[in-house]
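Notes to accompany the following structure.
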Protein chains: 2
Amino acid sequence: MPAGSGERAGPRPATAVRPVKSPDLVTIADVARHAGVAVSTVSYVLSGKRAISEVTRTRVRASIRVLGYHPNAGARALASRRANVVALVLPLRSGMQVPVVMQFAMAVVTTARTVDHDVLLVTSDEGPAGLSRIAASAMVDGVLLMDVEMHDSRVPLLRELGRPSVLIGFPADATGLTCVDLDFHRAGQVCVEHLAGLGHRRIALLGAPAAVYDRGTGFAHRTRAGVVDAAARLGVDAVVRPCEEGTAAVRRELVELLERWPDLSGLVVQNEAAVGPVLATLPTLGRRVPEDVSVVGICPDQFAEQASPRLTSVPVPAEEVGQQAVSLLMRKVHGEPVPDATLLEPRLTVRDSTAPHR
Amino acid sequence: MPAGSGERAGPRPATAVRPVKSPDLVTIADVARHAGVAVSTVSYVLSGKRAISEVTRTRVRASIRVLGYHPNAGARALASRRANVVALVLPLRSGMQVPVVMQFAMAVVTTARTVDHDVLLVTSDEGPAGLSRIAASAMVDGVLLMDVEMHDSRVPLLRELGRPSVLIGFPADATGLTCVDLDFHRAGQVCVEHLAGLGHRRIALLGAPAAVYDRGTGFAHRTRAGVVDAAARLGVDAVVRPCEEGTAAVRRELVELLERWPDLSGLVVQNEAAVGPVLATLPTLGRRVPEDVSVVGICPDQFAEQASPRLTSVPVPAEEVGQQAVSLLMRKVHGEPVPDATLLEPRLTVRDSTAPHR
DNA sequence: GCAGGTTGTCGAAGCGCTTCGCCGCGTCCG
DNA sequence: CGGACGCGGCGAAGCGCTTCGACAACCTGC
């Protein structure tokens with residue numbers, strides 16, 4: 001070793017040290033040498049795929065810690081044919097429920113980390129090519145697809161790819177696919193049941209923006225179906241309408257709705273961005289919440305809590321969906337069988353925005 | 001080829017097929033064979049690092065297309081010591097401006113793709129360990145850090161890491177770091193200048209939630225400073241207050257503010273979640289917008305457009321910041337010099353929520 | 001007509017890791 | 001007491017790619 005190369009009394013504060021070799025580099029070979037064992041032994045200590053004696057194991061672990069060793073991801077992927085990375089394919093477009101998407105993403109990342117995987121963020125606007133690239137380059141072991149539409153162009157591709165995948169949301173034809181989502185159909189029903197139970201006989205669903213329905217996004221359609229179903233079954237009149245975002249649009253919609261059906265007394269709102277405006281606007285139209293009109297939201301709890309009055313709601317359990325999705329994906333990656341469909345039961349939380357019909 | 005191995009009328013729905021060879025595989029060797037050249041030649045065609053004759057090049061390209069070849073990312077990373085991936089480190093916590101963050105993320109992904117890079121999503125709640133792991137495992141060529149705080153614990157670490165990095169936001173001590181952001185200080189000034197120009201003599205800044213200030217988040221502090229500066233310079237009275245999210249909190253805040261300073265006629269709102277409530281609440285307190293009170297927002301254009309009245313605002317140019325960040329990062333990755341600080345000039349768009357003081 | 005460049009292509013040596021086969025032990029059993 | 005076996009460890013063969021040096025073949029210009 002060149003004398004005194006390790007320490008410097010120079011002015012530089014950090015970054016010093018950096019032993020002998022080039023920038024990064026602490027390879028498994030370094031660890032092996034330091035611990036006085038073979039490279040393969042270190043590998044086995046790490047993977048646990050073969051028995052290693054207690055004593056060697058601790059020695060190797062110590063060397064790893066001392067040297068600050070982290071396996072090179074590329075090399076590992078190459079040799080093991082496992083990248084320990086999953087792709088998260090997010091839509092990138094208007095009308096999507098941004099905070100919910102974010103919650104999903106975060107839940108996915110967090111859960112993935114607990115099983116030693118990282119997350120590659122892919123936008124679907126790169127289209128099929130993006131998916132193929134990711135898959136073919138073996139960058140990822142599996143794919144998580146969000147915001148799936150009823151007739152989603154990515155779905156057939158995904159089938160061909162033959163890579164483990166899990167969809168968050170349901171396409172029209174889910175054959176051979178693994179899907180997870182809140183049971184929106186049931187969620188729609190639950191909202192109506194709640195309102196009907198309070199005696200409301202005419203209700204409205206204020207849904208996602210029209211573009212979302214046109215795109216055939218599953219959750220919107222399924223919620224609508226659930227609302228219509230339950231209404232018919234319970235004998236209440238339900239009118240469903242898409243709703244654009246923005247205070248002005250919401251006001252317009254409400255005015256029209258109340259003009260046409262003055263006896264409207266229950267509202268289901270499935271549009272995060274509309275919740276605030278709806279609650280703010282109703283009083284200005286002479287309808288108090290909940291005295292005159294009861295409002296149920298399908299939106300994150302955070303919104304419901306912050307609204308005033310606090311909103312009775314069915315939250316989208318983003319966290320839970322994200323966790324489920326990752327754990328299903330991991331099972332597929334490991335070749336285990338998984339159920340095709342996982343529907344999470346909606347839970348309605350009663351707060352201050354709903355009351356019995358007068 | 002085994003006769004008829006491609007199609008199967010069997011009962012299994014998907015996952016079938018799996019032609020001849022093992023799972024994935026179309027390697028560079030396959031391409032070379034198909035094109036009748038050496039492996040290295042294919043590599044050079046791909047990278048353009050050596051001259052290849054027109055004729056060979058097209059032949060190779062054709063083979064690549066025919067076989068649907070995509071280079072194995074792991075192998076490439078291993079051999080070239082380049083992962084072609086950048087890490088995007090996002091905060092995961094309350095009080096953050098979710099839609100803006102999302103916009104950043106999307107801009108980053110999109111821009112990264114244009115320079116042939118992918119994006120690994122990392123949450124900072126894994127802490128320093130996460131960063132070290134990512135860096136040491138050579139998964140990424142560079143790091144993008146979002147939502148940087150004034151005294152951010154990740155910053156010293158980042159310095160030591162010696163990996164190319166770019167921060168979105170500014171820490172207190174930015175020595176040796178590359179940072180990009182909207183010039184929030186200037187943004188605060190611009191808002192005040194606009195209001196002062198309209199004749200308003202007492203204004204308030206309704207800022208981010210208190211937690212954000214406590215955390216020492218740069219943009220909040222810098223905006224506040226800008227507001228205070230400009231107010232002093234222009235001789236207007238400015239009061240600054242943090243503001244929690246939620247309709248109720250906003251109302252409380254406004255009531256208090258107006259009680260204490262009845263002559264308040266200008267409001268700067270830097271809190272996406274508060275914009276709607278503020279505009280909805282002011283009229284109920286007997287203040288029309290913009291006749292009695294002028295409101296300027298620092299928030300995404302989308303919010304400003306959807307508000308009613310349409311909000312005069314300084315948007316956070318997430319798209320531009322994202323692009324800048326990526327392109328700076330790429331230059332660092334390639335060893336080129338880059339400026340330490342990139343401050344984007346704020347642009348104020350006048351809409352319907354501000355008017356001359358009466 | 002030949003030294004000295006180009007230009008285009010090839011072969012081979014790794015990059016850092018996993019994994020397979022092998023082997024020297026100590027144990028257990030027949 | 002010898003063969004079978006499990007345990008703990010080693011060495012080496014790749015994984016698919018990039019890159020370096022070599023080297024034909026083809027120009028130049030004197």
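Every chain in the structure tokens has a letter given in the order shown (A, B, ...), and although residue numbers restart at 1 in each chain, ligands are simply numbered from 1 in the order shown.
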
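Annotation: chain A versus chain B, same sequence, C-alpha RMSD 1.2 Å after least-squares fit.
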
**OP:** Write down, as a PyMOL selection string, each residue of chain B that has any atom within 12 Å of an atom of chain C, counting only C-alpha atoms (C1' of nucleotides).
**Re:** chain B and resi 32+36-45+50-57+74-82+137-138

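Rounded to one decimal, atom C1' of DG14 of chain D and atom CA of Pro71 of chain B lie 17.9 Å from each other.
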
**OP:** Within 6 Å of Cys179 of chain A, counting only C-alpha atoms (C1' of nucleotides), which residues show up once you throw out same-chain ones fewer than 4 positions away? Write them as a list in words, please.
**Re:** Val166, Leu167, Ile168 and Ala341 of chain A

Subject >> Residue contacts of segment 141-144 of chain A (10 Å, only C-alpha atoms (C1' of nucleotides)) excluding same-chain residues fewer than 3 positions away, as an MDAnalysis selection string >> reply: chainID A and resid 77 81:90 108 117 119:122 131 134:135 138 158 162:168 179 322 325:326 329:330 332:334

Can you build me a table of chain B residues sitting at most 8 Å from chain A, with the closest atom pair per residue and its distance in Å to one decimal, using only C-alpha atoms, sorted by chain and residue number, as a Markdown table?
| residue | atom | partner | partner_atom | distance |
| --- | --- | --- | --- | --- |
| B:Pro13 | CA | A:Gly176 | CA | 6.0 |
| B:Ala14 | CA | A:Gly176 | CA | 5.5 |
| B:Thr15 | CA | A:Gly162 | CA | 5.8 |
| B:Asp24 | CA | A:Ala136 | CA | 7.0 |
| B:Leu25 | CA | A:Ala136 | CA | 8.0 |
| B:Tyr69 | CA | A:Ala136 | CA | 7.6 |
| B:His70 | CA | A:Ser137 | CA | 5.5 |
| B:Pro71 | CA | A:Ser137 | CA | 5.5 |
| B:Asn72 | CA | A:Ser137 | CA | 4.3 |
| B:Ala73 | CA | A:Ser137 | CA | 5.2 |
| B:Gly74 | CA | A:Gly74 | CA | 4.2 |
| B:Ala75 | CA | A:Leu78 | CA | 5.7 |
| B:Arg76 | CA | A:Gly74 | CA | 7.9 |
| B:Ala77 | CA | A:Gly74 | CA | 5.6 |
| B:Leu78 | CA | A:Gly74 | CA | 5.3 |
| B:Ala83 | CA | A:Gly74 | CA | 7.7 |
| B:Leu92 | CA | A:Met106 | CA | 7.0 |
| B:Val98 | CA | A:Pro99 | CA | 6.1 |
| B:Pro99 | CA | A:Val98 | CA | 6.1 |
| B:Met102 | CA | A:Met102 | CA | 7.1 |
| B:Met106 | CA | A:Leu92 | CA | 7.0 |
| B:Val109 | CA | A:Val122 | CA | 7.1 |
| B:Thr110 | CA | A:Thr123 | CA | 7.6 |
| B:Asp118 | CA | A:Leu120 | CA | 7.3 |
| B:Val119 | CA | A:Leu121 | CA | 5.5 |
| B:Leu120 | CA | A:Leu120 | CA | 4.4 |
| B:Leu121 | CA | A:Val119 | CA | 5.5 |
| B:Val122 | CA | A:Val109 | CA | 7.1 |
| B:Thr123 | CA | A:Val109 | CA | 7.1 |
| B:Arg133 | CA | A:His70 | CA | 6.5 |
| B:Ala136 | CA | A:His70 | CA | 5.7 |
| B:Ser137 | CA | A:Asn72 | CA | 4.3 |
| B:Ala138 | CA | A:Asn72 | CA | 5.8 |
| B:Met139 | CA | A:Ala73 | CA | 5.7 |
| B:Arg159 | CA | A:Thr15 | CA | 7.3 |
| B:Glu160 | CA | A:Thr15 | CA | 4.8 |
| B:Leu161 | CA | A:Thr15 | CA | 7.6 |
| B:Gly162 | CA | A:Thr15 | CA | 7.4 |
| B:Glu245 | CA | A:Gln306 | CA | 7.0 |
| B:Gly246 | CA | A:Gln306 | CA | 4.2 |
| B:Thr247 | CA | A:Ala307 | CA | 5.6 |
| B:Ala248 | CA | A:Ser308 | CA | 5.9 |
| B:Gly276 | CA | A:Gly276 | CA | 7.3 |
| B:Pro277 | CA | A:Gly276 | CA | 7.4 |
| B:Ala280 | CA | A:Ala280 | CA | 6.3 |
| B:Phe303 | CA | A:Gly246 | CA | 7.8 |
| B:Glu305 | CA | A:Gly246 | CA | 7.9 |
| B:Gln306 | CA | A:Gly246 | CA | 4.2 |
| B:Ala307 | CA | A:Thr247 | CA | 5.6 |
| B:Ser308 | CA | A:Thr247 | CA | 5.8 |

Those same residues - N, CA and C atoms - I'd like them written as a short mmCIF file (atom, residue, chain, number, x, y, z; two decimals), in the first residue's frame.
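The result, written out as part.cif:
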data_model
loop_
_atom_site.label_atom_id
_atom_site.label_comp_id
_atom_site.auth_asym_id
_atom_site.auth_seq_id
_atom_site.Cartn_x
_atom_site.Cartn_y
_atom_site.Cartn_z
N PRO B 13 -55.59 -20.76 -20.59
CA PRO B 13 -55.94 -19.50 -21.25
C PRO B 13 -54.73 -18.69 -21.70
N ALA B 14 -53.89 -18.35 -20.78
CA ALA B 14 -52.75 -17.50 -21.16
C ALA B 14 -51.47 -18.22 -20.81
N THR B 15 -50.37 -17.49 -20.79
CA THR B 15 -49.10 -18.00 -20.27
C THR B 15 -48.54 -19.16 -21.09
N ASP B 24 -37.03 -15.49 -22.00
CA ASP B 24 -36.90 -14.30 -22.83
C ASP B 24 -35.93 -14.55 -23.97
N LEU B 25 -34.79 -13.95 -23.84
CA LEU B 25 -33.73 -14.21 -24.78
C LEU B 25 -34.01 -13.81 -26.21
N TYR B 69 -35.13 -7.39 -31.03
CA TYR B 69 -34.08 -7.38 -30.02
C TYR B 69 -34.10 -6.12 -29.15
N HIS B 70 -33.96 -6.31 -27.86
CA HIS B 70 -33.72 -5.21 -26.93
C HIS B 70 -32.56 -5.62 -26.05
N PRO B 71 -31.56 -4.76 -25.92
CA PRO B 71 -30.39 -5.14 -25.11
C PRO B 71 -30.80 -5.42 -23.67
N ASN B 72 -30.17 -6.39 -23.09
CA ASN B 72 -30.41 -6.71 -21.70
C ASN B 72 -29.80 -5.62 -20.82
N ALA B 73 -30.68 -5.00 -20.05
CA ALA B 73 -30.26 -3.83 -19.28
C ALA B 73 -29.17 -4.17 -18.28
N GLY B 74 -29.30 -5.31 -17.64
CA GLY B 74 -28.32 -5.69 -16.62
C GLY B 74 -26.95 -5.87 -17.24
N ALA B 75 -26.90 -6.58 -18.31
CA ALA B 75 -25.63 -6.86 -18.96
C ALA B 75 -25.00 -5.56 -19.43
N ARG B 76 -25.83 -4.74 -20.00
CA ARG B 76 -25.33 -3.47 -20.50
C ARG B 76 -24.75 -2.64 -19.36
N ALA B 77 -25.50 -2.61 -18.28
CA ALA B 77 -25.05 -1.82 -17.14
C ALA B 77 -23.73 -2.37 -16.60
N LEU B 78 -23.66 -3.67 -16.57
CA LEU B 78 -22.47 -4.30 -16.01
C LEU B 78 -21.24 -3.97 -16.85
N ALA B 83 -26.12 2.57 -16.10
CA ALA B 83 -27.40 1.88 -15.96
C ALA B 83 -28.47 2.47 -16.85
N LEU B 92 -42.44 11.42 1.08
CA LEU B 92 -43.69 10.69 1.26
C LEU B 92 -44.24 11.14 2.59
N VAL B 98 -49.30 17.59 -3.43
CA VAL B 98 -49.37 16.37 -4.22
C VAL B 98 -49.44 16.58 -5.74
N PRO B 99 -50.37 17.35 -6.22
CA PRO B 99 -50.44 17.45 -7.68
C PRO B 99 -49.17 18.00 -8.30
N MET B 102 -46.61 15.33 -8.48
CA MET B 102 -46.95 14.42 -9.56
C MET B 102 -46.53 15.00 -10.91
N MET B 106 -43.89 13.31 -13.49
CA MET B 106 -44.21 12.97 -14.87
C MET B 106 -43.28 13.67 -15.85
N VAL B 109 -40.00 11.81 -15.82
CA VAL B 109 -40.03 10.55 -16.56
C VAL B 109 -40.02 10.80 -18.06
N THR B 110 -40.86 11.70 -18.47
CA THR B 110 -40.96 11.97 -19.91
C THR B 110 -39.64 12.49 -20.47
N ASP B 118 -34.39 5.56 -17.89
CA ASP B 118 -35.59 5.25 -17.13
C ASP B 118 -35.48 5.85 -15.74
N VAL B 119 -36.57 5.77 -15.01
CA VAL B 119 -36.62 6.43 -13.72
C VAL B 119 -36.97 5.44 -12.61
N LEU B 120 -36.13 5.40 -11.62
CA LEU B 120 -36.39 4.55 -10.47
C LEU B 120 -37.00 5.41 -9.38
N LEU B 121 -38.13 4.97 -8.88
CA LEU B 121 -38.84 5.77 -7.89
C LEU B 121 -38.40 5.36 -6.49
N VAL B 122 -37.89 6.31 -5.75
CA VAL B 122 -37.40 6.03 -4.41
C VAL B 122 -38.10 6.96 -3.43
N THR B 123 -38.55 6.44 -2.33
CA THR B 123 -39.14 7.33 -1.34
C THR B 123 -38.08 7.67 -0.31
N ARG B 133 -27.83 2.57 -0.78
CA ARG B 133 -28.06 1.31 -1.48
C ARG B 133 -28.14 1.54 -2.98
N ALA B 136 -24.67 2.61 -4.29
CA ALA B 136 -23.63 1.59 -4.23
C ALA B 136 -23.93 0.41 -5.15
N SER B 137 -25.18 0.17 -5.38
CA SER B 137 -25.51 -0.99 -6.22
C SER B 137 -25.45 -0.62 -7.69
N ALA B 138 -25.07 0.60 -7.97
CA ALA B 138 -24.89 1.02 -9.35
C ALA B 138 -26.16 0.86 -10.18
N MET B 139 -27.30 0.95 -9.50
CA MET B 139 -28.56 0.85 -10.23
C MET B 139 -28.83 2.09 -11.05
N ARG B 159 -23.62 14.52 -0.89
CA ARG B 159 -22.29 15.05 -1.17
C ARG B 159 -21.26 13.93 -1.11
N GLU B 160 -21.34 13.14 -0.06
CA GLU B 160 -20.37 12.06 0.11
C GLU B 160 -20.46 11.03 -1.00
N LEU B 161 -21.69 10.77 -1.38
CA LEU B 161 -21.94 9.71 -2.35
C LEU B 161 -21.10 9.86 -3.60
N GLY B 162 -20.90 11.12 -3.99
CA GLY B 162 -20.09 11.34 -5.17
C GLY B 162 -20.77 10.89 -6.45
N GLU B 245 -54.69 22.84 5.79
CA GLU B 245 -55.58 22.49 4.70
C GLU B 245 -56.98 22.23 5.24
N GLY B 246 -57.93 22.21 4.38
CA GLY B 246 -59.29 21.91 4.79
C GLY B 246 -60.13 23.17 4.91
N THR B 247 -61.36 23.05 4.51
CA THR B 247 -62.26 24.18 4.48
C THR B 247 -62.38 24.87 5.84
N ALA B 248 -62.54 24.05 6.86
CA ALA B 248 -62.76 24.60 8.19
C ALA B 248 -61.56 25.42 8.65
N GLY B 276 -59.32 26.79 -3.24
CA GLY B 276 -60.77 26.62 -3.37
C GLY B 276 -61.49 27.15 -2.15
N PRO B 277 -61.17 26.66 -0.98
CA PRO B 277 -61.82 27.13 0.24
C PRO B 277 -61.75 28.64 0.42
N ALA B 280 -64.17 30.27 -1.82
CA ALA B 280 -65.54 29.93 -1.44
C ALA B 280 -65.93 30.64 -0.15
N PHE B 303 -55.43 24.66 -11.28
CA PHE B 303 -56.25 25.11 -10.16
C PHE B 303 -56.78 26.51 -10.41
N GLU B 305 -57.27 28.08 -13.15
CA GLU B 305 -58.27 28.13 -14.22
C GLU B 305 -59.63 27.65 -13.73
N GLN B 306 -59.59 26.63 -12.89
CA GLN B 306 -60.83 26.00 -12.47
C GLN B 306 -61.52 26.76 -11.34
N ALA B 307 -60.76 27.61 -10.71
CA ALA B 307 -61.35 28.33 -9.59
C ALA B 307 -62.39 29.30 -10.11
N SER B 308 -63.20 29.77 -9.19
CA SER B 308 -64.18 30.74 -9.61
C SER B 308 -64.27 31.81 -8.53
#

Original post:
Taking only C-alpha atoms (C1' of nucleotides) into account, what are the residues of chain D at most 10 Å from chain A, put as a count of residues only?
Top reply: 9

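Reported to one decimal place, the separation of atom CA of Val296 of chain B from atom CA of Ser313 of chain B is 5.2 Å.
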
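Using only C-alpha atoms, the nearest neighbour of Arg260 of chain B within the list B:Gly235, B:Arg202, B:Pro128, B:Asp301 is B:Arg202.
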
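Running DSSP on the backbone gives strand (DSSP E) for these residues within segment 11-203 of chain B: Val85, Val86, Ala87, Leu88, Val89, Leu90, Asp118, Val119, Leu120, Leu121, Val122, Thr123, Gly142, Val143, Leu144, Leu145, Ser165, Val166, Leu167, Ile168, Cys179, Val180, Asp181, Leu182, Arg202 and Ile203 of chain B.
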
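Atom CA of Val321 of chain A is positioned 24.0 Å from atom CA of Leu206 of chain A.
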
**OP:** Mind the document's chain letters and residue numbers, and return as number ranges by chain the residues of segment 87-334 of chain B that DSSP labels helix (DSSP H, G or I).
**Re:** B: 98-114, 124-126, 128-136, 154-161, 184-197, 210-214, 218-234, 247-260, 272-284, 301-306, 318-333
